[in-house]
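S.K.: Input structure: final-v5.txt, which contains compact mmCIF, C-alpha atoms.
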```txt
# COMPACT_ATOMS: atom_id res chain seq x y z
CA MET A 1397 163.98 16.12 -86.72
CA THR A 1398 160.40 15.66 -85.48
CA PRO A 1399 158.09 14.44 -88.22
CA PRO A 1400 155.04 16.63 -88.88
CA VAL A 1401 151.85 15.00 -87.72
CA LEU A 1402 149.30 15.18 -90.48
CA PRO A 1403 145.66 15.11 -89.39
CA ARG A 1404 143.49 12.14 -90.16
CA PHE A 1405 142.07 12.15 -93.65
CA GLU A 1406 138.41 13.13 -93.31
CA GLY A 1407 137.88 14.57 -96.78
CA GLY A 1408 137.24 12.89 -100.08
CA GLN A 1409 133.51 12.34 -99.54
CA ARG A 1410 132.60 14.13 -102.75
CA ALA A 1411 135.30 12.30 -104.72
CA LEU A 1412 134.13 9.00 -103.22
CA THR A 1413 130.53 9.66 -104.25
CA ILE A 1414 131.51 10.71 -107.78
CA SER A 1415 133.82 7.72 -108.21
CA ALA A 1416 131.17 5.29 -106.99
CA ALA A 1417 128.55 6.86 -109.26
CA LEU A 1418 130.86 6.67 -112.27
CA GLY A 1419 131.65 3.07 -111.38
CA VAL A 1420 127.99 2.08 -111.24
CA LEU A 1421 127.16 3.94 -114.45
CA GLY A 1422 130.15 2.46 -116.27
CA LEU A 1423 129.29 -1.09 -115.29
CA ALA A 1424 125.61 -0.51 -116.08
CA ALA A 1425 126.54 0.68 -119.58
CA THR A 1426 128.75 -2.38 -120.01
CA ALA A 1427 125.84 -4.59 -118.94
CA VAL A 1428 123.64 -2.92 -121.56
CA GLY A 1429 126.33 -3.69 -124.12
CA ALA A 1430 126.06 -7.36 -123.18
CA PHE A 1431 122.49 -7.41 -124.52
CA LEU A 1432 123.78 -6.13 -127.87
CA ASP A 1433 126.87 -8.35 -128.16
CA VAL A 1434 127.84 -10.40 -125.14
CA ARG A 1435 131.30 -11.32 -126.43
CA HIS A 1436 132.25 -7.73 -127.20
CA ALA A 1437 130.93 -6.61 -123.82
CA LEU A 1438 132.89 -9.28 -121.95
CA ALA A 1439 136.02 -8.48 -123.94
CA GLY A 1440 135.75 -4.84 -122.91
CA TYR A 1441 135.07 -5.84 -119.32
CA LEU A 1442 138.12 -8.11 -119.26
CA PHE A 1443 140.20 -5.12 -120.39
CA GLY A 1444 138.91 -2.87 -117.60
CA PHE A 1445 139.25 -5.62 -115.01
CA THR A 1446 142.83 -6.60 -115.86
CA TYR A 1447 143.95 -2.97 -116.16
CA TRP A 1448 142.86 -1.94 -112.66
CA LEU A 1449 143.72 -5.27 -111.06
CA GLY A 1450 147.21 -4.93 -112.53
CA LEU A 1451 147.66 -1.50 -110.92
CA SER A 1452 146.51 -2.83 -107.53
CA LEU A 1453 148.82 -5.84 -107.71
CA GLY A 1454 151.68 -3.70 -109.02
CA ALA A 1455 151.33 -1.48 -105.93
CA LEU A 1456 151.12 -4.52 -103.63
CA LEU A 1457 154.26 -6.04 -105.15
CA LEU A 1458 156.05 -2.72 -104.83
CA LEU A 1459 155.01 -2.49 -101.17
CA ALA A 1460 156.18 -6.04 -100.44
CA THR A 1461 159.49 -5.31 -102.19
CA PHE A 1462 160.06 -2.21 -100.05
CA HIS A 1463 159.42 -4.24 -96.90
CA ALA A 1464 161.67 -7.07 -98.06
CA SER A 1465 164.52 -4.66 -98.81
CA LYS A 1466 163.98 -2.75 -95.52
CA ALA A 1467 163.93 0.48 -97.50
CA ARG A 1468 163.49 3.61 -95.38
CA TRP A 1469 163.03 6.29 -98.00
CA PRO A 1470 159.56 5.16 -99.23
CA VAL A 1471 157.91 5.10 -95.77
CA VAL A 1472 156.05 8.33 -96.55
CA LEU A 1473 154.61 6.64 -99.67
CA ARG A 1474 153.61 3.46 -97.91
CA ARG A 1475 150.04 4.26 -96.91
CA ALA A 1476 149.06 4.95 -100.52
CA LEU A 1477 150.62 1.62 -101.55
CA GLU A 1478 148.87 -0.16 -98.68
CA VAL A 1479 145.47 1.19 -99.67
CA ALA A 1480 146.03 0.28 -103.33
CA GLY A 1481 146.92 -3.27 -102.34
CA ALA A 1482 144.18 -3.61 -99.74
CA ILE A 1483 141.35 -3.16 -102.26
CA ALA A 1484 142.14 -6.57 -103.78
CA PRO A 1485 139.01 -8.17 -102.20
CA LEU A 1486 136.85 -5.86 -104.36
CA PHE A 1487 138.04 -7.72 -107.44
CA VAL A 1488 136.54 -10.95 -106.13
CA LEU A 1489 133.11 -9.45 -106.73
CA LEU A 1490 134.17 -7.88 -110.01
CA PHE A 1491 135.42 -11.26 -111.22
CA VAL A 1492 131.92 -12.77 -111.20
CA PRO A 1493 130.84 -11.44 -114.66
CA LEU A 1494 133.96 -12.97 -116.23
CA LEU A 1495 133.30 -16.24 -114.47
CA LEU A 1496 129.73 -16.35 -115.78
CA GLY A 1497 130.78 -15.49 -119.33
CA MET A 1498 133.94 -17.57 -119.66
CA ARG A 1499 132.66 -19.67 -122.55
CA HIS A 1500 132.40 -16.51 -124.67
CA LEU A 1501 136.08 -15.62 -124.13
CA PHE A 1502 138.17 -18.72 -123.53
CA PRO A 1503 138.17 -21.36 -126.30
CA TRP A 1504 139.10 -24.17 -123.90
CA VAL A 1505 135.84 -23.80 -121.93
CA ALA A 1506 133.54 -24.99 -124.72
CA PRO A 1507 135.59 -26.06 -127.78
CA THR A 1508 133.74 -26.16 -131.10
CA ALA A 1509 134.50 -27.98 -134.33
CA ASP A 1510 135.27 -24.76 -136.22
CA LEU A 1511 138.49 -24.39 -134.19
CA GLY A 1512 140.06 -27.11 -136.31
CA GLU A 1513 141.31 -30.60 -135.58
CA HIS A 1514 144.79 -29.53 -134.50
CA THR A 1515 143.49 -26.88 -132.09
CA LEU A 1516 141.02 -29.33 -130.59
CA HIS A 1517 143.85 -31.82 -130.09
CA VAL A 1518 145.96 -29.20 -128.29
CA LEU A 1519 143.04 -28.16 -126.08
CA ASP A 1520 142.33 -31.77 -125.22
CA HIS A 1521 145.99 -32.25 -124.31
CA ARG A 1522 145.80 -29.25 -121.96
CA ARG A 1523 142.54 -30.36 -120.38
CA VAL A 1524 144.41 -31.54 -117.28
CA TYR A 1525 145.25 -27.90 -116.50
CA ASN A 1526 142.53 -25.98 -118.33
CA ASN A 1527 139.33 -27.28 -116.79
CA MET A 1528 136.71 -25.43 -114.79
CA PRO A 1529 137.17 -27.06 -111.36
CA PHE A 1530 140.94 -26.54 -111.37
CA PHE A 1531 140.49 -23.03 -112.82
CA LEU A 1532 138.18 -22.10 -109.93
CA VAL A 1533 140.58 -23.54 -107.36
CA ARG A 1534 143.42 -21.48 -108.78
CA ALA A 1535 141.28 -18.32 -108.88
CA VAL A 1536 140.35 -18.78 -105.22
CA LEU A 1537 144.02 -19.26 -104.35
CA TYR A 1538 144.95 -16.05 -106.19
CA PHE A 1539 142.33 -13.92 -104.50
CA VAL A 1540 142.99 -15.37 -101.05
CA THR A 1541 146.72 -14.68 -101.38
CA TRP A 1542 146.28 -11.11 -102.59
CA SER A 1543 143.52 -10.30 -100.12
CA VAL A 1544 145.29 -11.75 -97.07
CA VAL A 1545 148.66 -10.12 -97.81
CA GLY A 1546 147.17 -6.76 -98.78
CA SER A 1547 144.74 -6.63 -95.85
CA LEU A 1548 147.32 -7.66 -93.24
CA LEU A 1549 149.96 -5.17 -94.40
CA TYR A 1550 147.36 -2.41 -94.31
CA ARG A 1551 145.84 -3.47 -90.96
CA TRP A 1552 149.16 -3.82 -89.17
CA SER A 1553 150.30 -0.43 -90.45
CA VAL A 1554 147.09 1.22 -89.23
CA GLN A 1555 147.39 -0.48 -85.84
CA GLN A 1556 150.90 0.92 -85.50
CA ASP A 1557 149.49 4.43 -85.99
CA THR A 1558 147.54 3.95 -82.75
CA THR A 1559 149.89 1.85 -80.62
CA GLY A 1560 153.28 2.97 -81.90
CA ASP A 1561 154.54 -0.57 -81.29
CA VAL A 1562 157.71 -1.33 -83.27
CA ARG A 1563 156.74 -5.00 -83.60
CA TRP A 1564 154.27 -4.08 -86.35
CA THR A 1565 157.21 -2.92 -88.49
CA LEU A 1566 158.92 -6.27 -87.92
CA TRP A 1567 155.76 -8.19 -88.81
CA GLN A 1568 155.26 -6.18 -91.99
CA ARG A 1569 158.83 -6.80 -93.06
CA ARG A 1570 158.48 -10.51 -92.46
CA LEU A 1571 155.20 -10.76 -94.35
CA GLY A 1572 156.41 -8.50 -97.15
CA GLY A 1573 159.56 -10.52 -97.79
CA GLY A 1574 157.95 -13.88 -97.12
CA SER A 1575 154.97 -13.24 -99.40
CA LEU A 1576 156.97 -12.15 -102.45
CA PRO A 1577 157.30 -15.69 -103.88
CA ALA A 1578 153.56 -16.30 -103.41
CA LEU A 1579 152.66 -12.93 -104.91
CA GLY A 1580 154.96 -13.49 -107.87
CA LEU A 1581 153.65 -17.00 -108.56
CA THR A 1582 149.97 -16.10 -108.22
CA PHE A 1583 150.43 -13.04 -110.45
CA SER A 1584 152.24 -15.15 -113.04
CA PHE A 1585 149.66 -17.92 -113.12
CA MET A 1586 146.87 -15.33 -113.19
CA THR A 1587 148.26 -13.91 -116.42
CA LEU A 1588 148.40 -17.39 -117.93
CA ASP A 1589 144.84 -18.24 -116.86
CA TRP A 1590 143.03 -14.98 -117.56
CA MET A 1591 145.03 -13.50 -120.43
CA MET A 1592 147.31 -15.93 -122.29
CA SER A 1593 144.68 -18.70 -122.49
CA LEU A 1594 142.54 -16.44 -124.68
CA ASP A 1595 144.60 -17.98 -127.49
CA ALA A 1596 143.77 -21.61 -128.07
CA THR A 1597 147.30 -22.86 -128.84
CA TRP A 1598 149.78 -20.03 -128.14
CA GLU A 1599 152.12 -20.03 -125.16
CA SER A 1600 155.19 -18.15 -123.99
CA SER A 1601 157.42 -18.63 -120.96
CA ILE A 1602 158.11 -14.86 -120.85
CA TYR A 1603 154.49 -13.71 -121.02
CA ALA A 1604 154.00 -13.41 -117.25
CA ALA A 1605 157.20 -11.36 -116.88
CA TYR A 1606 156.02 -9.04 -119.64
CA VAL A 1607 152.64 -8.44 -118.00
CA PHE A 1608 154.30 -8.04 -114.59
CA SER A 1609 156.71 -5.40 -115.86
CA GLY A 1610 153.84 -3.40 -117.34
CA ALA A 1611 151.84 -3.61 -114.09
CA PHE A 1612 154.89 -2.51 -112.10
CA VAL A 1613 155.34 0.51 -114.38
CA GLY A 1614 151.66 1.32 -113.88
CA GLY A 1615 151.90 1.02 -110.10
CA LEU A 1616 154.90 3.35 -109.97
CA ALA A 1617 153.25 5.85 -112.30
CA LEU A 1618 150.10 5.82 -110.18
CA MET A 1619 152.07 6.65 -107.01
CA ILE A 1620 153.82 9.55 -108.75
CA VAL A 1621 150.53 10.95 -110.04
CA LEU A 1622 148.85 10.65 -106.62
CA GLY A 1623 151.80 12.31 -104.91
CA ALA A 1624 151.85 15.23 -107.34
CA ALA A 1625 148.06 15.61 -107.16
CA THR A 1626 148.12 15.93 -103.35
CA ARG A 1627 151.09 18.30 -103.07
CA ASP A 1628 148.93 21.26 -102.04
CA THR A 1629 146.79 19.28 -99.59
CA ARG A 1630 147.36 17.85 -96.15
CA HIS A 1631 148.01 14.42 -97.60
CA PHE A 1632 151.13 12.37 -98.24
CA GLY A 1633 152.02 14.39 -101.35
CA SER A 1634 152.77 17.44 -99.19
CA LEU A 1635 155.62 15.51 -97.53
CA LEU A 1636 157.27 14.25 -100.71
CA SER A 1637 160.58 15.93 -101.48
CA PRO A 1638 162.45 16.14 -104.80
CA GLY A 1639 164.49 13.21 -103.48
CA HIS A 1640 161.41 11.01 -103.34
CA TYR A 1641 160.38 11.96 -106.85
CA HIS A 1642 163.91 11.36 -108.13
CA ARG A 1643 163.91 7.84 -106.70
CA LEU A 1644 160.43 7.10 -108.02
CA GLY A 1645 161.42 8.48 -111.42
CA THR A 1646 164.56 6.34 -111.42
CA LEU A 1647 162.50 3.22 -110.64
CA LEU A 1648 160.04 4.16 -113.35
CA PHE A 1649 162.90 4.56 -115.82
CA ALA A 1650 164.36 1.19 -114.80
CA PHE A 1651 161.10 -0.71 -115.29
CA VAL A 1652 160.32 1.05 -118.57
CA CYS A 1653 163.64 -0.40 -119.75
CA PHE A 1654 162.84 -3.78 -118.19
CA TRP A 1655 159.46 -3.86 -119.96
CA ALA A 1656 161.15 -3.16 -123.28
CA TYR A 1657 163.82 -5.80 -122.64
CA ILE A 1658 161.25 -8.50 -121.83
CA GLY A 1659 159.10 -7.50 -124.81
CA TYR A 1660 162.04 -7.63 -127.19
CA SER A 1661 163.26 -10.94 -125.76
CA GLN A 1662 159.89 -12.59 -126.29
CA PHE A 1663 159.57 -11.21 -129.82
CA MET A 1664 163.11 -12.11 -130.83
CA LEU A 1665 162.99 -15.68 -129.51
CA ILE A 1666 159.62 -16.43 -131.10
CA TRP A 1667 160.45 -14.81 -134.43
CA VAL A 1668 163.84 -16.49 -134.78
CA ALA A 1669 162.41 -19.92 -133.91
CA GLY A 1670 159.75 -19.49 -136.58
CA ILE A 1671 157.31 -22.01 -135.09
CA PRO A 1672 153.97 -21.35 -136.82
CA GLU A 1673 151.86 -21.65 -133.67
CA GLU A 1674 154.03 -19.07 -131.91
CA VAL A 1675 154.67 -16.65 -134.77
CA THR A 1676 150.94 -16.31 -135.47
CA TRP A 1677 150.48 -14.37 -132.22
CA TYR A 1678 152.82 -11.64 -133.51
CA ARG A 1679 151.61 -11.83 -137.11
CA VAL A 1680 148.17 -10.68 -135.94
CA ARG A 1681 149.72 -7.75 -134.07
CA LEU A 1682 151.97 -6.73 -136.97
CA ASP A 1683 149.33 -6.78 -139.71
CA ASP A 1684 146.71 -4.21 -140.68
CA GLY A 1685 145.63 -1.76 -137.96
CA TRP A 1686 147.31 -3.55 -135.10
CA ALA A 1687 150.69 -2.73 -136.65
CA VAL A 1688 149.95 0.95 -135.96
CA VAL A 1689 149.08 0.14 -132.35
CA SER A 1690 152.32 -1.86 -132.05
CA LEU A 1691 154.29 1.13 -133.29
CA VAL A 1692 152.50 3.47 -130.90
CA LEU A 1693 153.32 1.07 -128.07
CA LEU A 1694 156.99 0.90 -129.02
CA LEU A 1695 157.34 4.67 -129.23
CA GLY A 1696 154.99 5.63 -126.42
CA HIS A 1697 155.85 2.97 -123.86
CA PHE A 1698 159.61 2.97 -124.39
CA VAL A 1699 161.28 5.40 -126.79
CA ILE A 1700 159.60 8.62 -125.61
CA PRO A 1701 159.65 7.95 -121.83
CA PHE A 1702 163.20 6.57 -122.12
CA GLY A 1703 164.38 9.87 -123.57
CA LEU A 1704 162.46 11.99 -121.08
CA LEU A 1705 163.39 10.02 -117.96
CA LEU A 1706 167.08 10.27 -118.76
CA SER A 1707 166.83 13.83 -117.46
CA ARG A 1708 167.84 14.09 -113.82
CA GLN A 1709 166.10 17.46 -113.53
CA LEU A 1710 162.79 16.09 -114.80
CA LYS A 1711 162.84 13.18 -112.35
CA ALA A 1712 163.20 15.58 -109.40
CA ARG A 1713 160.32 17.86 -110.46
CA PRO A 1714 156.83 16.66 -109.46
CA ARG A 1715 154.73 18.17 -112.24
CA PRO A 1716 156.80 17.16 -115.28
CA LEU A 1717 157.30 13.69 -113.79
CA ALA A 1718 153.55 13.42 -113.14
CA VAL A 1719 152.86 14.29 -116.80
CA VAL A 1720 155.19 11.51 -117.91
CA SER A 1721 153.51 9.16 -115.43
CA LEU A 1722 150.04 10.01 -116.75
CA TRP A 1723 151.35 9.22 -120.21
CA MET A 1724 152.64 5.88 -118.93
CA LEU A 1725 149.23 5.04 -117.46
CA LEU A 1726 147.71 5.73 -120.88
CA MET A 1727 150.35 3.59 -122.58
CA HIS A 1728 149.70 0.83 -120.06
CA ALA A 1729 146.07 0.83 -121.21
CA VAL A 1730 147.25 0.54 -124.82
CA ASP A 1731 149.51 -2.33 -123.77
CA VAL A 1732 146.68 -4.24 -122.08
CA ALA A 1733 144.44 -3.71 -125.11
CA TRP A 1734 147.26 -4.91 -127.39
CA LEU A 1735 147.59 -8.08 -125.33
CA LEU A 1736 143.88 -8.91 -125.20
CA PHE A 1737 141.91 -7.76 -128.24
CA PRO A 1738 143.97 -9.27 -131.10
CA SER A 1739 143.64 -12.64 -129.35
CA LEU A 1740 139.87 -12.28 -129.12
CA PHE A 1741 139.33 -10.77 -132.59
CA PRO A 1742 142.18 -11.96 -134.85
CA GLU A 1743 140.29 -11.42 -138.11
CA HIS A 1744 140.19 -7.62 -137.89
CA VAL A 1745 140.93 -4.73 -135.54
CA VAL A 1746 138.25 -4.49 -132.87
CA ILE A 1747 138.28 -2.31 -129.75
CA PRO A 1748 134.80 -2.64 -128.19
CA TRP A 1749 133.21 0.52 -126.84
CA THR A 1750 132.57 -1.43 -123.66
CA ALA A 1751 136.33 -1.28 -123.03
CA PHE A 1752 135.87 2.40 -122.12
CA THR A 1753 132.72 1.89 -120.06
CA ALA A 1754 134.26 -1.04 -118.20
CA TRP A 1755 137.47 0.94 -117.62
CA VAL A 1756 135.41 3.74 -116.08
CA GLY A 1757 133.23 1.28 -114.15
CA VAL A 1758 135.96 -0.83 -112.60
CA GLY A 1759 138.19 2.19 -112.08
CA GLY A 1760 135.42 4.19 -110.43
CA LEU A 1761 134.63 1.44 -107.95
CA SER A 1762 138.34 0.87 -107.29
CA MET A 1763 138.92 4.54 -106.49
CA ALA A 1764 135.78 4.66 -104.34
CA ALA A 1765 137.01 1.64 -102.37
CA ALA A 1766 140.44 3.24 -101.91
CA LEU A 1767 138.92 6.50 -100.69
CA TRP A 1768 136.60 4.62 -98.34
CA LEU A 1769 139.57 2.80 -96.81
CA SER A 1770 141.55 6.03 -96.51
CA ARG A 1771 138.88 8.09 -94.74
CA GLY A 1772 139.42 8.37 -91.01
CA GLY A 1773 143.03 7.21 -91.17
CA TYR A 1774 146.36 8.97 -91.36
CA PRO A 1775 147.70 9.61 -94.86
CA VAL A 1776 151.17 8.40 -93.79
CA PRO A 1777 152.34 5.82 -91.21
CA VAL A 1778 152.75 8.43 -88.45
CA SER A 1779 154.20 5.98 -85.89
CA ASP A 1780 156.63 4.19 -88.15
CA PRO A 1781 160.11 4.41 -86.58
CA TYR A 1782 161.67 5.22 -89.94
CA LEU A 1783 159.31 8.02 -90.98
CA VAL A 1784 161.91 10.59 -89.89
CA HIS A 1785 164.50 9.01 -92.19
CA SER A 1786 162.02 9.07 -95.06
CA LEU A 1787 161.32 12.77 -94.57
CA GLN A 1788 165.04 13.56 -94.71
CA VAL A 1789 165.49 12.14 -98.22
CA ARG A 1790 167.31 14.49 -100.56
CA PRO A 1791 168.17 14.15 -104.27
CA PRO A 1792 171.43 12.25 -104.84
```
Take the structure from the file and write it as structure tokens.
M.R.:
Amino acid sequence: MTPPVLPRFEGGQRALTISAALGVLGLAATAVGAFLDVRHALAGYLFGFTYWLGLSLGALLLLATFHASKARWPVVLRRALEVAGAIAPLFVLLFVPLLLGMRHLFPWVAPTADLGEHTLHVLDHRRVYNNMPFFLVRAVLYFVTWSVVGSLLYRWSVQQDTTGDVRWTLWQRRLGGGSLPALGLTFSFMTLDWMMSLDATWESSIYAAYVFSGAFVGGLALMIVLGAATRDTRHFGSLLSPGHYHRLGTLLFAFVCFWAYIGYSQFMLIWVAGIPEEVTWYRVRLDDGWAVVSLVLLLGHFVIPFGLLLSRQLKARPRPLAVVSLWMLLMHAVDVAWLLFPSLFPEHVVIPWTAFTAWVGVGGLSMAAALWLSRGGYPVPVSDPYLVHSLQVRPP
């Protein structure tokens, strides 16, 4: 079987312009919100930043996993994963507002007496780890790791399109497998630094795994949506068969279950232990309005998709699976909000309006960057030696 040669992707100019414009407008609106209430604005911005960064890193981890496992069936999907992972350098620039406003979000940056004597003692004990110089060093390490791995995997794949040299496949496999420990560690410590440390005294050894599982679900859902959206175009979606969707749907089902397992494990262990400092984190999320959000998350992120994705027929059909995936992207947003906002505003339910503007702003710039990288290149790795095998995938 000779693989069809798709033309280079020269479209998307209008979508790029619209995405960039929405990104600028969204961030401008968020900046205006900072003049009204800087803490609310930064909280909303942190939500938008972590949501889109999580999708990019989820795609990069998925790409590295495929290389490490030497999987052939997802080759046709690989360029979309490469582009999603290669936009990681954009988040270096987008991280600057959070860096400038850290004292408004993280209690360890500028502790005040109203935190209480015990909290101040805990923060002082953690000062060896939670201090600005070491925080900056870790942030640089995170971004360098993500940017180098994502850029090299994308660059080597594009070079193979031109040269057809098989060595680029070998190099990608080596980097993909070899970088997985670094990607996993940097992702884990990122969640501890930028998300878990919003709480002055709370900690959990399962928190990073919980955030990772949600990001992985989001990355898979994003690939399914992009594939279904480009089915009628000369892009990678036109080459996806029911077998590809079935495998993606099966992975999505598996990580929906994994997310629920990690979430339940963390809840069960903390609740049974009954340590006041740990239980408080859940008490906030199970009282008042956040209890409703917790129920929505349980039903929407696990129960409903679990029931739907049990269907073998649904997993092999692009449109129904894309609808479920869009739902999962929405539930991932609810999950990120559930992780962040109760920690920042424990007294009452607060979802800043800047969460929406920042989501649009960061998302718009992320999509514009992805389209800019994609233009002029092939939508699939046309010279990959295993592209033929990928195109022959059939449902099991």
S.K.: When distances are computed from only C-alpha atoms, which of A:Trp1590, A:Trp1469, A:Trp1677, A:Trp1542 shows the smallest separation from Val1784 of chain A?
M.R.: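 Checking each candidate against Val1784 of chain A, we get A:Trp1469 as the closest.
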S.K.: Residues around (152.0, 7.6, -102.7), cut-off 6 Å, counting only C-alpha atoms - what are they as number ranges by chain?
M.R.: A: 1473, 1476, 1619, 1622-1623
S.K.: Using all atoms listed in the file, which of the listed residues (A:Ala1604, A:Leu1451, A:Leu1618, A:Ala1417) sits closest to Thr1582 of chain A?
M.R.: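 Looking only at the distances to Thr1582 of chain A, the closest residue turns out to be A:Ala1604.
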S.K.: Please report, as a Markdown table, each residue of segment 1476-1566 of chain A lying at most 12 Å from segment 1726-1740 of chain A, together with the nearest pair of atoms and the separation in Å rounded to one decimal; use only C-alpha atoms, and order rows by chain and ascending residue number.
M.R.:
```
| residue | atom | partner | partner_atom | distance |
| --- | --- | --- | --- | --- |
| A:His1500 | CA | A:Leu1740 | CA | 9.7 |
| A:Leu1501 | CA | A:Leu1740 | CA | 7.1 |
| A:Phe1502 | CA | A:Leu1740 | CA | 8.7 |
| A:Pro1503 | CA | A:Leu1740 | CA | 9.7 |
```
S.K.: Of the candidates A:His1436, A:His1517, A:Arg1713, A:Arg1522, which one gets nearest to Thr1753 of chain A if we count all atoms listed in the file?
M.R.: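 The closest residue to Thr1753 of chain A is A:His1436.
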S.K.: With distances taken over all atoms listed in the file, which residue among A:Thr1750, A:Leu1457, A:Ser1779, A:Val1719 lies nearest Leu1432 of chain A?
M.R.: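 The shortest atom-to-atom distance to Leu1432 of chain A comes from A:Thr1750.
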S.K.: Name the closest residue to Leu1783 of chain A among the candidates A:Lys1711, A:Leu1516, A:Trp1598, A:Phe1632; distances are taken between atoms, counting only C-alpha atoms.
M.R.: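 Of the candidates, the smallest distance to Leu1783 of chain A is held by A:Phe1632.
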S.K.: Please compute the atom CA of Asp1520 of chain A-atom CA of Asp1595 of chain A distance, one decimal, in Å.
M.R.: 14.2 Å
S.K.: Just the residues within 10 Å of segment 1560-1569 of chain A, please, counting only C-alpha atoms, with nothing from its chain fewer than 6 positions along; format it as a compact mmCIF listing (two decimals) with C-alpha atoms, in the frame of the given file.
M.R.:
```txt
# COMPACT_ATOMS: atom_id res chain seq x y z
CA LEU A 1459 155.01 -2.49 -101.17
CA ALA A 1460 156.18 -6.04 -100.44
CA THR A 1461 159.49 -5.31 -102.19
CA PHE A 1462 160.06 -2.21 -100.05
CA HIS A 1463 159.42 -4.24 -96.90
CA ALA A 1464 161.67 -7.07 -98.06
CA SER A 1465 164.52 -4.66 -98.81
CA LYS A 1466 163.98 -2.75 -95.52
CA ALA A 1467 163.93 0.48 -97.50
CA VAL A 1545 148.66 -10.12 -97.81
CA LEU A 1548 147.32 -7.66 -93.24
CA LEU A 1549 149.96 -5.17 -94.40
CA TYR A 1550 147.36 -2.41 -94.31
CA ARG A 1551 145.84 -3.47 -90.96
CA TRP A 1552 149.16 -3.82 -89.17
CA SER A 1553 150.30 -0.43 -90.45
CA VAL A 1554 147.09 1.22 -89.23
CA SER A 1575 154.97 -13.24 -99.40
CA PRO A 1777 152.34 5.82 -91.21
CA VAL A 1778 152.75 8.43 -88.45
CA SER A 1779 154.20 5.98 -85.89
CA ASP A 1780 156.63 4.19 -88.15
CA PRO A 1781 160.11 4.41 -86.58
CA TYR A 1782 161.67 5.22 -89.94
```
S.K.: Quick one, how far is atom CA of Gly1422 of chain A from atom CA of Trp1755 of chain A?
M.R.: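 Spanning atom CA of Gly1422 of chain A to atom CA of Trp1755 of chain A is a straight-line distance of 7.6 Å.
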S.K.: May I ask which of the residues A:Tyr1641, A:Tyr1525, A:Tyr1678, A:Phe1698 is the closest one to Arg1790 of chain A, counting only C-alpha atoms?
M.R.: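 The answer is A:Tyr1641, which sits nearest to Arg1790 of chain A.
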S.K.: Mind listing as a list in words all residues within 9 Å of (163.3, 10.9, -106.6), counting all atoms listed in the file?
M.R.: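 Those residues lying close to the given coordinates are Ser1637, Pro1638, Gly1639, His1640, Tyr1641, His1642, Arg1643, Leu1644, Gly1645, Thr1646, Leu1647, Lys1711, Ala1712, Arg1713, Val1789, Arg1790, Pro1791 and Pro1792 of chain A.
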